[in-house]
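*Asks:* Would you mind keeping the following structure in view while I ask a few things?
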Amino acid sequence: MYEGKSRTLFVRYAIPQMIGLLFNSVYMIVDGIFIGHRLGTASMAAAAVSVPLLEILIALSMAVASGAGVLISGHLGRGERKNAVQVFNIALYGALGMGALIMALGNIFIHPLAAALGSTPEIHQEAIEYMRYIVTFSPFLILSFLLSGLARNDGRPRLAMVALAVGSVSNIVLDYVFMYPLNMGIGGAALATAIGPVFSVLILLPHFLRRRGALAFAKTRPQVRLLGRVYLLGFPSFIMEFTIGTITFIYNSAIVRHGYGELGLAAYLVIGYLMLIILTVFLGMAEGLQPVFSYFSGIGEEARCRALRRFATGVFLAIGVGCYLLIAFFSRYFFAIFNPEDAALIDFMQKRSLPYFCGFFLAGYNILMISFWQSTRVTNKALVVSLARSIVWPLILMAALPALFGREAIWFCHSTAEALTAACAFALLCAHRRRP
């Protein structure tokens, strides 16, 4: 299952997961396109309020999937199938319980939640309408990412890719149906986004129900300690995925605080979509490599683990540079897709995207190192890098740079955070090499 050179393993595992997650990201972006064309800039700003919530839900599911995946790959590598099945079912219990809790509390506290995520009085009602569908269907979103991640650990990366892709395509179709023929407004866009993961779950379930791999549903006694271990191992992945949500929240708050208003929120929604595409490429490849790293670590193949990491580093850096060149020359065409008649909005987005993405070629390196250390159970280093790029540096820079250089400096904060984090990750790697 994990035979072949680094290049072969990269193509077999990293590429399908990257494609699957890219398709999955499409359903957020398609919402923005339909909302921009059908409802205008104010509604785009209302949808932007829910982006951090969506990313937090994805981050929670990734935490369970990654933590369980590290344990499962190690067990399968050592031939401990019974233990792998046990971890699978414990992770499933945890995800379903978490989804039910979010659905209940999210609906109860939806108004303060929307306010906390950055809604203004002008867009509050539309933000609530969009958000209600997201929290109500949150168990399906969490389950779709969990099952796709565990299918990948069970040797079915293409099945995971297909499931995520079908969910995204269904969202595109439903966006059109709900917003045009049925004229459901922003609620229609949210409902389409919420239903997409249901199709993904329906595609993934037969693999486990019909026992087509090593993992299957089985009666398992709940074990709090094992579930805690799953969450602990998956916490760096939570932080890594959570970055998109936290960065969006931090920027939404800063945009309002520095007086950019609804124009700034709408612009950052689309810049955030572009950020989502780039980070999804990196996250997808890193998550796709997790089973391979964990398997090699579990059977003691440290040399193959390092060789795969070095090969992946070169690929990630090359893709990062290529993405920035595309943004520099072609971003205006991407921004015009969302609201082609609003020239002021397009000009605003194009001008701010260049400083915002200038250091993003290093984001891939950071994400790869987090995944590598997490997969090989060096959780402390994975956690340090995760926290540095998602919370520590963004908060420090968002407070310091605008105070020193004016409000336009906020658009440099994310890339500067990635650069400082990359320096930290490289220092940790060099320190590990120097250990006796």
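Residue numbers start at 1 in each chain; chains themselves are named A, B, ... in the order of the structure tokens; ligands are numbered from 1 in the order shown.
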Using only C-alpha atoms, which protein or nucleic acid residues come within 8 Å of segment 267-280 of chain A? Drop anything in the same chain fewer than 5 positions from it, and give the result as a PDB file with N, CA, C and O atoms, in the first residue's frame.
*Replies:*
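See result_38.pdb below for the written result:
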```pdb
ATOM      1  N   MET A  18      -5.599  16.688  -2.255  1.00  0.00           N
ATOM      2  CA  MET A  18      -5.580  18.094  -2.657  1.00  0.00           C
ATOM      3  C   MET A  18      -6.761  18.388  -3.583  1.00  0.00           C
ATOM      4  O   MET A  18      -7.467  19.390  -3.420  1.00  0.00           O
ATOM      5  N   LEU A  21     -10.099  18.345  -1.583  1.00  0.00           N
ATOM      6  CA  LEU A  21     -10.300  19.544  -0.780  1.00  0.00           C
ATOM      7  C   LEU A  21     -10.514  20.784  -1.638  1.00  0.00           C
ATOM      8  O   LEU A  21     -11.259  21.692  -1.249  1.00  0.00           O
ATOM      9  N   LEU A  22      -9.861  20.835  -2.794  1.00  0.00           N
ATOM     10  CA  LEU A  22     -10.105  21.964  -3.692  1.00  0.00           C
ATOM     11  C   LEU A  22     -11.557  21.990  -4.148  1.00  0.00           C
ATOM     12  O   LEU A  22     -12.197  23.045  -4.178  1.00  0.00           O
ATOM     13  N   SER A  25     -13.563  23.281  -1.354  1.00  0.00           N
ATOM     14  CA  SER A  25     -13.469  24.735  -1.195  1.00  0.00           C
ATOM     15  C   SER A  25     -14.317  25.472  -2.219  1.00  0.00           C
ATOM     16  O   SER A  25     -14.748  26.599  -1.982  1.00  0.00           O
ATOM     17  N   MET A  28     -17.742  26.995  -1.152  1.00  0.00           N
ATOM     18  CA  MET A  28     -17.754  28.300  -0.489  1.00  0.00           C
ATOM     19  C   MET A  28     -17.599  29.422  -1.522  1.00  0.00           C
ATOM     20  O   MET A  28     -18.256  30.462  -1.436  1.00  0.00           O
ATOM     21  N   ILE A  29     -16.723  29.205  -2.480  1.00  0.00           N
ATOM     22  CA  ILE A  29     -16.453  30.233  -3.479  1.00  0.00           C
ATOM     23  C   ILE A  29     -17.651  30.441  -4.399  1.00  0.00           C
ATOM     24  O   ILE A  29     -17.996  31.575  -4.744  1.00  0.00           O
ATOM     25  N   GLY A  32     -20.105  32.735  -2.980  1.00  0.00           N
ATOM     26  CA  GLY A  32     -19.745  34.139  -3.147  1.00  0.00           C
ATOM     27  C   GLY A  32     -20.058  34.662  -4.535  1.00  0.00           C
ATOM     28  O   GLY A  32     -20.524  35.795  -4.688  1.00  0.00           O
ATOM     29  N   MET A  44     -22.756  39.859   0.198  1.00  0.00           N
ATOM     30  CA  MET A  44     -21.443  39.221   0.265  1.00  0.00           C
ATOM     31  C   MET A  44     -20.817  39.434   1.639  1.00  0.00           C
ATOM     32  O   MET A  44     -20.202  38.525   2.211  1.00  0.00           O
ATOM     33  N   ALA A  45     -20.966  40.637   2.168  1.00  0.00           N
ATOM     34  CA  ALA A  45     -20.436  40.921   3.503  1.00  0.00           C
ATOM     35  C   ALA A  45     -21.137  40.072   4.562  1.00  0.00           C
ATOM     36  O   ALA A  45     -20.509  39.595   5.517  1.00  0.00           O
ATOM     37  N   ALA A  48     -19.736  36.685   4.487  1.00  0.00           N
ATOM     38  CA  ALA A  48     -18.364  36.676   5.013  1.00  0.00           C
ATOM     39  C   ALA A  48     -18.336  36.399   6.511  1.00  0.00           C
ATOM     40  O   ALA A  48     -17.374  35.829   7.029  1.00  0.00           O
ATOM     41  N   ILE A 244      -7.380  29.413   9.035  1.00  0.00           N
ATOM     42  CA  ILE A 244      -8.187  30.139   8.058  1.00  0.00           C
ATOM     43  C   ILE A 244      -9.321  30.870   8.759  1.00  0.00           C
ATOM     44  O   ILE A 244      -9.604  32.033   8.474  1.00  0.00           O
ATOM     45  N   THR A 248      -9.455  34.950   9.270  1.00  0.00           N
ATOM     46  CA  THR A 248     -10.631  35.644   8.743  1.00  0.00           C
ATOM     47  C   THR A 248     -11.297  36.479   9.830  1.00  0.00           C
ATOM     48  O   THR A 248     -11.683  37.630   9.601  1.00  0.00           O
ATOM     49  N   TYR A 251      -9.076  39.502  10.652  1.00  0.00           N
ATOM     50  CA  TYR A 251      -9.147  40.507   9.596  1.00  0.00           C
ATOM     51  C   TYR A 251     -10.517  41.182   9.542  1.00  0.00           C
ATOM     52  O   TYR A 251     -10.609  42.400   9.334  1.00  0.00           O
ATOM     53  N   ASN A 252     -11.589  40.411   9.688  1.00  0.00           N
ATOM     54  CA  ASN A 252     -12.927  41.028   9.712  1.00  0.00           C
ATOM     55  C   ASN A 252     -13.013  42.089  10.801  1.00  0.00           C
ATOM     56  O   ASN A 252     -13.530  43.191  10.587  1.00  0.00           O
ATOM     57  N   GLY A 320       4.039  27.425  -4.110  1.00  0.00           N
ATOM     58  CA  GLY A 320       3.803  28.709  -3.462  1.00  0.00           C
ATOM     59  C   GLY A 320       4.276  29.884  -4.310  1.00  0.00           C
ATOM     60  O   GLY A 320       3.563  30.889  -4.451  1.00  0.00           O
ATOM     61  N   CYS A 323       1.917  30.297  -7.292  1.00  0.00           N
ATOM     62  CA  CYS A 323       0.638  30.915  -6.923  1.00  0.00           C
ATOM     63  C   CYS A 323       0.759  32.435  -6.832  1.00  0.00           C
ATOM     64  O   CYS A 323      -0.135  33.167  -7.276  1.00  0.00           O
ATOM     65  N   PHE A 335     -11.123  38.324  -9.319  1.00  0.00           N
ATOM     66  CA  PHE A 335     -11.978  39.198  -8.521  1.00  0.00           C
ATOM     67  C   PHE A 335     -13.211  39.651  -9.314  1.00  0.00           C
ATOM     68  O   PHE A 335     -14.296  39.820  -8.744  1.00  0.00           O
ATOM     69  N   PHE A 338     -16.837  37.839  -9.231  1.00  0.00           N
ATOM     70  CA  PHE A 338     -17.800  37.931  -8.144  1.00  0.00           C
ATOM     71  C   PHE A 338     -18.771  39.093  -8.304  1.00  0.00           C
ATOM     72  O   PHE A 338     -19.955  38.957  -7.999  1.00  0.00           O
ATOM     73  N   LEU A 345     -14.782  47.984  -5.951  1.00  0.00           N
ATOM     74  CA  LEU A 345     -14.504  46.773  -5.180  1.00  0.00           C
ATOM     75  C   LEU A 345     -13.352  45.983  -5.798  1.00  0.00           C
ATOM     76  O   LEU A 345     -12.451  45.517  -5.096  1.00  0.00           O
ATOM     77  N   ILE A 346     -13.354  45.863  -7.118  1.00  0.00           N
ATOM     78  CA  ILE A 346     -12.296  45.108  -7.806  1.00  0.00           C
ATOM     79  C   ILE A 346     -10.942  45.792  -7.619  1.00  0.00           C
ATOM     80  O   ILE A 346      -9.928  45.137  -7.344  1.00  0.00           O
ATOM     81  N   PHE A 348     -10.053  47.768  -5.178  1.00  0.00           N
ATOM     82  CA  PHE A 348      -9.685  47.612  -3.768  1.00  0.00           C
ATOM     83  C   PHE A 348      -9.051  46.242  -3.536  1.00  0.00           C
ATOM     84  O   PHE A 348      -7.998  46.125  -2.890  1.00  0.00           O
ATOM     85  N   MET A 349      -9.673  45.190  -4.071  1.00  0.00           N
ATOM     86  CA  MET A 349      -9.175  43.827  -3.863  1.00  0.00           C
ATOM     87  C   MET A 349      -7.822  43.620  -4.531  1.00  0.00           C
ATOM     88  O   MET A 349      -6.918  43.001  -3.955  1.00  0.00           O
ATOM     89  N   SER A 353      -4.402  42.621  -2.481  1.00  0.00           N
ATOM     90  CA  SER A 353      -4.004  41.215  -2.592  1.00  0.00           C
ATOM     91  C   SER A 353      -2.490  41.051  -2.715  1.00  0.00           C
ATOM     92  O   SER A 353      -1.935  40.049  -2.242  1.00  0.00           O
ATOM     93  N   PHE A 357      -0.588  38.497  -0.012  1.00  0.00           N
ATOM     94  CA  PHE A 357      -0.090  37.176  -0.385  1.00  0.00           C
ATOM     95  C   PHE A 357       1.427  37.129  -0.609  1.00  0.00           C
ATOM     96  O   PHE A 357       1.942  36.084  -1.029  1.00  0.00           O
ATOM     97  N   ALA A 363       3.863  29.551   3.407  1.00  0.00           N
ATOM     98  CA  ALA A 363       2.770  28.905   4.135  1.00  0.00           C
ATOM     99  C   ALA A 363       2.789  27.399   3.911  1.00  0.00           C
ATOM    100  O   ALA A 363       2.514  26.615   4.829  1.00  0.00           O
ATOM    101  N   GLY A 364       3.103  26.977   2.679  1.00  0.00           N
ATOM    102  CA  GLY A 364       3.133  25.553   2.387  1.00  0.00           C
ATOM    103  C   GLY A 364       4.188  24.830   3.204  1.00  0.00           C
ATOM    104  O   GLY A 364       3.958  23.713   3.694  1.00  0.00           O
TER     105      GLY A 364
END
```
*Asks:* Please produce, as CSV, a per-residue contact table for segment 41-131 of chain A versus segment 374-389 of chain A (criterion: any atom at most 10 Å away, only C-alpha atoms considered), showing the nearest atom pair and its distance in Å to one decimal, sorted by chain then residue number.
*Replies:*
```
residue,atom,partner,partner_atom,distance
A:Ser66,CA,A:Ser375,CA,8.2
A:Gly67,CA,A:Gln374,CA,8.5
A:Gly69,CA,A:Ser375,CA,8.5
A:Val70,CA,A:Ser375,CA,5.6
A:Leu71,CA,A:Ser375,CA,9.0
A:Ser73,CA,A:Ser375,CA,9.3
A:Gly74,CA,A:Ser375,CA,9.5
```
*Asks:* Could you please take those selected residues and save C-alpha atoms as an mmCIF file, in the first residue's frame?
*Replies:*
```
data_model
loop_
_atom_site.group_PDB
_atom_site.id
_atom_site.type_symbol
_atom_site.label_atom_id
_atom_site.label_comp_id
_atom_site.auth_asym_id
_atom_site.auth_seq_id
_atom_site.Cartn_x
_atom_site.Cartn_y
_atom_site.Cartn_z
ATOM 1 C CA SER A 66 -5.972 13.518 11.831
ATOM 2 C CA GLY A 67 -5.601 12.356 15.419
ATOM 3 C CA GLY A 69 -5.504 8.752 11.400
ATOM 4 C CA VAL A 70 -2.113 8.925 13.134
ATOM 5 C CA LEU A 71 -3.135 6.127 15.515
ATOM 6 C CA SER A 73 -1.958 4.164 10.383
ATOM 7 C CA GLY A 74 0.445 3.156 13.136
#
```
*Asks:* Figure out the distance between atom CA of Met62 of chain A and atom CA of Arg229 of chain A, please, to one decimal in Å.
*Replies:*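 Calculated distance between atom CA of Arg229 of chain A and atom CA of Met62 of chain A is 14.4 Å.
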*Asks:* I'd like to know which of A:Phe282, A:Phe311, A:Phe109, A:Phe372 is closest to Phe296 of chain A, using only C-alpha atoms.
*Replies:*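 Smallest separation from Phe296 of chain A among the options: A:Phe372.
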*Asks:* Tell me, as a list in words, which residues lie within 6 Å of segment 116-127 of chain A, counting only C-alpha atoms; anything in the same chain fewer than 2 positions away does not count.
*Replies:* Ala46, Val49, Leu113, Ala114, Glu129 and Tyr130 of chain A
*Asks:* If you keep N, CA, C and O atoms, can you produce a file of those selected residues as a CSV table (one decimal), in the first residue's frame?
*Replies:*
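Listed below is the output, again-v3.csv:
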```
chain,number,residue,atom,x,y,z
A,46,ALA,N,-22.5,39.9,4.4
A,46,ALA,CA,-23.2,39.0,5.4
A,46,ALA,C,-22.7,37.6,5.3
A,46,ALA,O,-22.5,36.9,6.3
A,49,VAL,N,-19.4,36.8,7.2
A,49,VAL,CA,-19.5,36.6,8.7
A,49,VAL,C,-19.4,35.1,9.0
A,49,VAL,O,-18.9,34.7,10.0
A,113,LEU,N,-23.5,34.9,18.5
A,113,LEU,CA,-22.5,34.3,17.7
A,113,LEU,C,-22.2,35.2,16.5
A,113,LEU,O,-21.0,35.4,16.1
A,114,ALA,N,-23.2,35.6,15.8
A,114,ALA,CA,-23.1,36.4,14.6
A,114,ALA,C,-22.4,37.7,14.9
A,114,ALA,O,-21.5,38.2,14.2
A,129,GLU,N,-29.5,34.5,8.8
A,129,GLU,CA,-30.2,33.6,7.9
A,129,GLU,C,-29.2,32.6,7.3
A,129,GLU,O,-29.5,31.4,7.1
A,130,TYR,N,-28.1,33.1,6.9
A,130,TYR,CA,-27.0,32.2,6.3
A,130,TYR,C,-26.5,31.3,7.4
A,130,TYR,O,-26.3,30.1,7.1
```
*Asks:* Which of segment 191-346 of chain A end up as alpha helix (DSSP H) when DSSP is run on this backbone - answer as a ChimeraX atom specification?
*Replies:* /A:191-209,224-257,261-298,302-336,343-346
*Asks:* Give me, as a PyMOL selection string, all polymer residues having an atom no more than 7 Å from Ile410 of chain A, counting only C-alpha atoms and skipping those fewer than 4 positions away in the same chain.
*Replies:* chain A and resi 398+401-402
*Asks:* Fewer than 4 positions away in the same chain doesn't count, so skip those; otherwise give me all residues within 7 Å of Phe238 of chain A, counting only C-alpha atoms, as a CSV table (one decimal) with N, CA, C and O atoms, in the first residue's frame.
*Replies:*
```
chain,number,residue,atom,x,y,z
A,59,ALA,N,-12.1,22.6,10.9
A,59,ALA,CA,-11.0,22.4,11.8
A,59,ALA,C,-11.3,21.3,12.8
A,59,ALA,O,-10.4,20.5,13.1
A,60,LEU,N,-12.4,21.4,13.4
A,60,LEU,CA,-12.8,20.4,14.4
A,60,LEU,C,-12.8,19.0,13.8
A,60,LEU,O,-12.4,18.0,14.5
A,62,MET,N,-11.2,18.0,11.2
A,62,MET,CA,-9.9,17.6,10.8
A,62,MET,C,-9.1,17.2,12.1
A,62,MET,O,-8.2,16.3,12.0
A,63,ALA,N,-9.4,17.8,13.2
A,63,ALA,CA,-8.7,17.4,14.4
A,63,ALA,C,-8.9,15.9,14.7
A,63,ALA,O,-8.0,15.1,15.0
A,234,GLY,N,-4.5,15.2,17.3
A,234,GLY,CA,-5.1,16.0,16.2
A,234,GLY,C,-5.1,17.5,16.4
A,234,GLY,O,-5.5,18.2,15.5
A,242,PHE,N,-7.8,25.7,11.6
A,242,PHE,CA,-8.4,26.7,12.3
A,242,PHE,C,-7.8,28.1,11.9
A,242,PHE,O,-8.4,29.1,12.0
```
*Asks:* Applying 12 Å and only C-alpha atoms, which residues near Arg38 of chain A remain after dropping the ones on its own chain fewer than 3 positions away? List them as a list in words.
*Replies:*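 Listed by chain and then number, they are Val30, Asp31, Gly32, Ile33, Phe34, Ile35, Thr41, Ala42, Ser43, Met44, Asp175, Tyr176, Phe178, Met179, Tyr180, Pro181, Asn183, Met184, Gly185, Ile186, Gly188, Ala189, Phe338, Asn339 and Pro340 of chain A.
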*Asks:* Using only C-alpha atoms, which residues sit within 12 Å of segment 157-163 of chain A once same-chain residues fewer than 5 positions away are excluded, as a PyMOL selection string?
*Replies:* chain A and resi 1+9-24+143-152+168-170+196-208+212-213+284-285+287-292
*Asks:* So how far away is atom CA of Glu301 of chain A from atom CA of Gly228 of chain A, in Å?
*Replies:*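 Computing the Euclidean distance for atom CA of Gly228 of chain A and atom CA of Glu301 of chain A yields 27.1 Å.
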*Asks:* If I take atom CA of Trp411 of chain A and atom CA of Thr313 of chain A, how far is one from the other in Å, to one decimal?
*Replies:*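 Distance reported for this atom pair: 26.3 Å.
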*Asks:* Counting only C-alpha atoms, which of A:Ala216, A:Val135, A:Ala336, A:Leu362 gets nearest to Ala194 of chain A?
*Replies:* A:Val135
